[in-house]
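Take a look at the structure set out below.
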Amino acid sequence: MAPWVMFGDAELVAITYLRDVLGDAVAHVCSELPGPDEMAALLPLVQVERLPSPPMANRYALDVARMDISARVATGRPDAITLATLAGAHIRAMPGRTIAGVTVSTVRRQTGPEERADENTNLRVAGFTCELYLRSIPQT
């Protein structure tokens with residue numbers, strides 16, 4: 001049988017990690033935004049989404065997961081930027097950690113937090129993008 005490689009869920013890795021390290025700084029960390037009726041009770045929140053990612057030269061060793069991380073708050077632009085900056089600082093500290101069975105090898109190409117538009121004009125959003133290099137999960 002030919003060898004096969006399985007990579008972990010990059011969104012789950014980032015969400016699990018950020019929930020742990022952000023603690024009381026956020027009410028919710030998610031990949032999908034809550035509905036409008038639930039949103040206010042879950043602020044401030046951080047949303048983690050995987051973006052289309054480039055293929056790796058050695059697809060058996062690493063998965064390059066391009067990520068978009070957004071902070072949503074109801075308290076103004078400075079708080080959105082501060083929360084996004086805090087999340088970014090923690091993301092930069094991920095290399096070498098194993099989360100949900102996946103080892104983060106490297107974090108690269110992280111942009112600084114920038115304010116973003118949101119459909120809900122009562123919220124302020126700031127976010128950044130980065131790449132997580134994830135090691136494969138050994139298969140037997």
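By convention in this document, the chains of the structure tokens carry letters A, B, ... by their order, each chain's residues are numbered from 1, and ligands are numbered from 1 in the order they are shown.
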
Which residues are close to Arg109 of chain A, i.e. within 8 Å by only C-alpha atoms, leaving aside same-chain residues fewer than 3 positions away? Reply as an mmCIF file with N, CA and C atoms, in the first residue's frame.
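So around.cif came out as:
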data_model
loop_
_atom_site.group_PDB
_atom_site.id
_atom_site.type_symbol
_atom_site.label_atom_id
_atom_site.label_comp_id
_atom_site.auth_asym_id
_atom_site.auth_seq_id
_atom_site.Cartn_x
_atom_site.Cartn_y
_atom_site.Cartn_z
ATOM 1 N N THR A 129 -3.661 38.292 8.546
ATOM 2 C CA THR A 129 -3.487 36.981 7.935
ATOM 3 C C THR A 129 -2.110 36.450 8.303
ATOM 4 N N CYS A 130 -1.982 35.134 8.235
ATOM 5 C CA CYS A 130 -0.697 34.492 8.516
ATOM 6 C C CYS A 130 -0.703 33.111 7.870
ATOM 7 N N GLU A 131 0.444 32.488 7.871
ATOM 8 C CA GLU A 131 0.571 31.108 7.406
ATOM 9 C C GLU A 131 1.061 30.252 8.558
#

*Rank nothing, just name the residue among A:Gln110, A:Ala27, A:Leu134, A:Arg50 nearest to Ile91 of chain A, using only C-alpha atoms.*
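Of the candidates, the smallest distance to Ile91 of chain A is held by A:Gln110.
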
*asked:* List as a ChimeraX atom specification the protein and nucleic acid residues near Asp9 of chain A, meaning an atom at most 12 Å away when only C-alpha atoms are counted, but skip any in the same chain fewer than 6 places from it.
replied: /A:15-16,31,48-50,63-65,67,99-104,132-137

_DSSP strand (DSSP E) selection over chain A, as a ChimeraX atom specification_ = /A:28-30,45-50,62-73,98-99,102-108,114-116,124-135

Could you save the residues just selected, with C-alpha atoms, as an mmCIF file, in the first residue's frame?
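out22.cif, freshly written:
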data_model
loop_
_atom_site.group_PDB
_atom_site.id
_atom_site.type_symbol
_atom_site.label_atom_id
_atom_site.label_comp_id
_atom_site.auth_asym_id
_atom_site.auth_seq_id
_atom_site.Cartn_x
_atom_site.Cartn_y
_atom_site.Cartn_z
ATOM 1 C CA HIS A 28 -15.852 33.308 22.028
ATOM 2 C CA VAL A 29 -13.389 31.926 19.438
ATOM 3 C CA CYS A 30 -14.981 30.364 16.358
ATOM 4 C CA LEU A 45 -14.952 37.323 19.718
ATOM 5 C CA VAL A 46 -12.171 36.088 17.474
ATOM 6 C CA GLN A 47 -12.977 34.370 14.181
ATOM 7 C CA VAL A 48 -10.490 31.970 12.560
ATOM 8 C CA GLU A 49 -10.824 30.991 8.899
ATOM 9 C CA ARG A 50 -8.568 28.999 6.621
ATOM 10 C CA LEU A 62 4.223 20.177 5.861
ATOM 11 C CA ASP A 63 0.838 21.721 5.240
ATOM 12 C CA VAL A 64 0.922 25.489 4.689
ATOM 13 C CA ALA A 65 -2.357 26.791 6.069
ATOM 14 C CA ARG A 66 -3.095 30.400 5.140
ATOM 15 C CA MET A 67 -5.247 31.813 7.904
ATOM 16 C CA ASP A 68 -7.411 34.893 8.363
ATOM 17 C CA ILE A 69 -7.973 35.950 11.969
ATOM 18 C CA SER A 70 -10.523 38.656 12.842
ATOM 19 C CA ALA A 71 -11.368 40.293 16.171
ATOM 20 C CA ARG A 72 -14.895 41.665 16.605
ATOM 21 C CA VAL A 73 -15.842 44.049 19.401
ATOM 22 C CA THR A 98 1.469 20.479 19.539
ATOM 23 C CA ILE A 99 -2.229 21.306 19.577
ATOM 24 C CA VAL A 102 -0.823 18.663 15.278
ATOM 25 C CA THR A 103 2.623 20.245 15.612
ATOM 26 C CA VAL A 104 3.007 23.829 14.441
ATOM 27 C CA SER A 105 6.410 24.073 12.800
ATOM 28 C CA THR A 106 6.503 27.724 11.745
ATOM 29 C CA VAL A 107 4.371 30.869 11.512
ATOM 30 C CA ARG A 108 5.144 33.123 8.532
ATOM 31 C CA GLU A 114 -5.926 46.321 10.106
ATOM 32 C CA GLU A 115 -9.427 47.626 10.538
ATOM 33 C CA ARG A 116 -11.999 45.869 8.353
ATOM 34 C CA ARG A 124 -15.623 47.118 14.952
ATOM 35 C CA VAL A 125 -13.451 44.518 13.266
ATOM 36 C CA ALA A 126 -9.686 44.254 12.940
ATOM 37 C CA GLY A 127 -7.773 41.325 11.563
ATOM 38 C CA PHE A 128 -4.625 39.882 10.070
ATOM 39 C CA THR A 129 -3.487 36.981 7.935
ATOM 40 C CA CYS A 130 -0.697 34.492 8.516
ATOM 41 C CA GLU A 131 0.571 31.108 7.406
ATOM 42 C CA LEU A 132 0.797 28.168 9.786
ATOM 43 C CA TYR A 133 3.182 25.412 8.735
ATOM 44 C CA LEU A 134 1.758 22.193 10.187
ATOM 45 C CA ARG A 135 3.485 18.819 10.413
#

*Figure out the distance between atom CA of Gly112 of chain A and atom CA of Ala14 of chain A, please, to one decimal in Å.*
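Straight-line distance from atom CA of Ala14 of chain A to atom CA of Gly112 of chain A works out to 17.4 Å.
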
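The gap separating atom CA of Glu119 of chain A from atom CA of Thr82 of chain A is 20.8 Å, in Å to one decimal.
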
Pick out each residue of chain A that DSSP on the backbone tags as alpha helix (DSSP H); I need them as a CSV table (one decimal) with N, CA and C atoms, in the first residue's frame.
chain,number,residue,atom,x,y,z
A,10,ALA,N,-6.4,22.9,10.4
A,10,ALA,CA,-5.7,24.1,10.8
A,10,ALA,C,-6.6,25.1,11.6
A,11,GLU,N,-7.9,25.1,11.2
A,11,GLU,CA,-8.8,26.0,12.0
A,11,GLU,C,-9.0,25.5,13.4
A,12,LEU,N,-9.2,24.2,13.5
A,12,LEU,CA,-9.3,23.6,14.9
A,12,LEU,C,-8.0,23.9,15.7
A,13,VAL,N,-6.9,23.7,15.1
A,13,VAL,CA,-5.6,24.0,15.8
A,13,VAL,C,-5.6,25.4,16.3
A,14,ALA,N,-5.9,26.4,15.5
A,14,ALA,CA,-5.8,27.8,15.9
A,14,ALA,C,-6.9,28.1,16.9
A,15,ILE,N,-8.1,27.6,16.7
A,15,ILE,CA,-9.2,27.9,17.6
A,15,ILE,C,-8.9,27.4,19.0
A,16,THR,N,-8.5,26.1,19.1
A,16,THR,CA,-8.1,25.5,20.3
A,16,THR,C,-7.1,26.2,21.1
A,17,TYR,N,-6.0,26.6,20.3
A,17,TYR,CA,-4.9,27.4,20.9
A,17,TYR,C,-5.4,28.8,21.4
A,18,LEU,N,-6.1,29.5,20.6
A,18,LEU,CA,-6.5,30.8,21.0
A,18,LEU,C,-7.5,30.8,22.1
A,19,ARG,N,-8.4,29.9,22.2
A,19,ARG,CA,-9.3,29.8,23.3
A,19,ARG,C,-8.6,29.6,24.6
A,20,ASP,N,-7.5,28.8,24.6
A,20,ASP,CA,-6.7,28.6,25.8
A,20,ASP,C,-5.9,29.8,26.2
A,21,VAL,N,-5.2,30.4,25.2
A,21,VAL,CA,-4.3,31.5,25.6
A,21,VAL,C,-5.0,32.9,25.8
A,22,LEU,N,-6.1,33.1,25.1
A,22,LEU,CA,-6.8,34.4,25.2
A,22,LEU,C,-7.6,34.5,26.5
A,36,PRO,N,-27.2,36.6,14.3
A,36,PRO,CA,-27.4,38.0,14.8
A,36,PRO,C,-28.0,38.0,16.2
A,37,ASP,N,-28.9,37.0,16.5
A,37,ASP,CA,-29.5,37.0,17.9
A,37,ASP,C,-28.5,36.6,18.9
A,38,GLU,N,-27.4,35.9,18.6
A,38,GLU,CA,-26.5,35.4,19.6
A,38,GLU,C,-25.2,36.3,19.7
A,39,MET,N,-25.0,37.1,18.6
A,39,MET,CA,-23.7,37.8,18.5
A,39,MET,C,-23.4,38.7,19.7
A,77,ARG,N,-12.9,50.9,17.6
A,77,ARG,CA,-11.7,50.6,16.8
A,77,ARG,C,-10.5,50.2,17.7
A,78,PRO,N,-10.1,51.1,18.7
A,78,PRO,CA,-8.9,50.7,19.5
A,78,PRO,C,-9.0,49.3,20.1
A,79,ASP,N,-10.1,49.0,20.6
A,79,ASP,CA,-10.3,47.6,21.2
A,79,ASP,C,-10.2,46.5,20.2
A,80,ALA,N,-10.7,46.7,19.0
A,80,ALA,CA,-10.6,45.7,18.0
A,80,ALA,C,-9.1,45.5,17.6
A,81,ILE,N,-8.4,46.6,17.4
A,81,ILE,CA,-7.0,46.6,17.1
A,81,ILE,C,-6.2,45.9,18.2
A,82,THR,N,-6.5,46.2,19.4
A,82,THR,CA,-5.8,45.6,20.6
A,82,THR,C,-6.0,44.1,20.6
A,83,LEU,N,-7.3,43.7,20.5
A,83,LEU,CA,-7.6,42.3,20.5
A,83,LEU,C,-6.9,41.5,19.4
A,84,ALA,N,-6.9,42.1,18.2
A,84,ALA,CA,-6.3,41.5,17.0
A,84,ALA,C,-4.8,41.4,17.2
A,85,THR,N,-4.2,42.4,17.8
A,85,THR,CA,-2.7,42.5,18.1
A,85,THR,C,-2.4,41.4,19.1
A,86,LEU,N,-3.2,41.2,20.2
A,86,LEU,CA,-3.0,40.2,21.2
A,86,LEU,C,-3.1,38.8,20.6
A,87,ALA,N,-4.1,38.6,19.7
A,87,ALA,CA,-4.2,37.3,19.1
A,87,ALA,C,-3.0,37.0,18.2
A,88,GLY,N,-2.6,38.0,17.5
A,88,GLY,CA,-1.4,37.9,16.6
A,88,GLY,C,-0.1,37.6,17.4
A,89,ALA,N,0.0,38.2,18.6
A,89,ALA,CA,1.2,37.9,19.4
A,89,ALA,C,1.2,36.4,19.8
A,90,HIS,N,0.0,35.9,20.2
A,90,HIS,CA,-0.1,34.5,20.6
A,90,HIS,C,0.2,33.6,19.4
A,91,ILE,N,-0.4,34.0,18.2
A,91,ILE,CA,-0.1,33.1,17.0
A,91,ILE,C,1.4,33.0,16.7
A,92,ARG,N,2.1,34.1,16.9
A,92,ARG,CA,3.5,34.1,16.6
A,92,ARG,C,4.3,33.2,17.6

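The space between atom CA of Ala117 of chain A and atom CA of Leu42 of chain A spans 19.0 Å.
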
Neighbours of Asn122 of chain A within 9 Å (only C-alpha atoms; same-chain residues fewer than 5 positions away dropped), as an mmCIF file with N, CA and C atoms, in the first residue's frame?
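What follows is the written file around17.cif:
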data_model
loop_
_atom_site.group_PDB
_atom_site.id
_atom_site.type_symbol
_atom_site.label_atom_id
_atom_site.label_comp_id
_atom_site.auth_asym_id
_atom_site.auth_seq_id
_atom_site.Cartn_x
_atom_site.Cartn_y
_atom_site.Cartn_z
ATOM 1 N N VAL A 73 -15.479 43.447 18.116
ATOM 2 C CA VAL A 73 -15.842 44.049 19.401
ATOM 3 C C VAL A 73 -16.957 45.064 19.171
ATOM 4 N N ALA A 74 -17.629 45.434 20.246
ATOM 5 C CA ALA A 74 -18.665 46.462 20.168
ATOM 6 C C ALA A 74 -18.184 47.765 20.792
ATOM 7 N N THR A 75 -16.934 47.801 21.225
ATOM 8 C CA THR A 75 -16.452 48.928 22.025
ATOM 9 C C THR A 75 -15.533 49.882 21.288
ATOM 10 N N GLY A 76 -15.385 49.760 19.990
ATOM 11 C CA GLY A 76 -14.614 50.733 19.234
ATOM 12 C C GLY A 76 -13.368 50.177 18.583
#
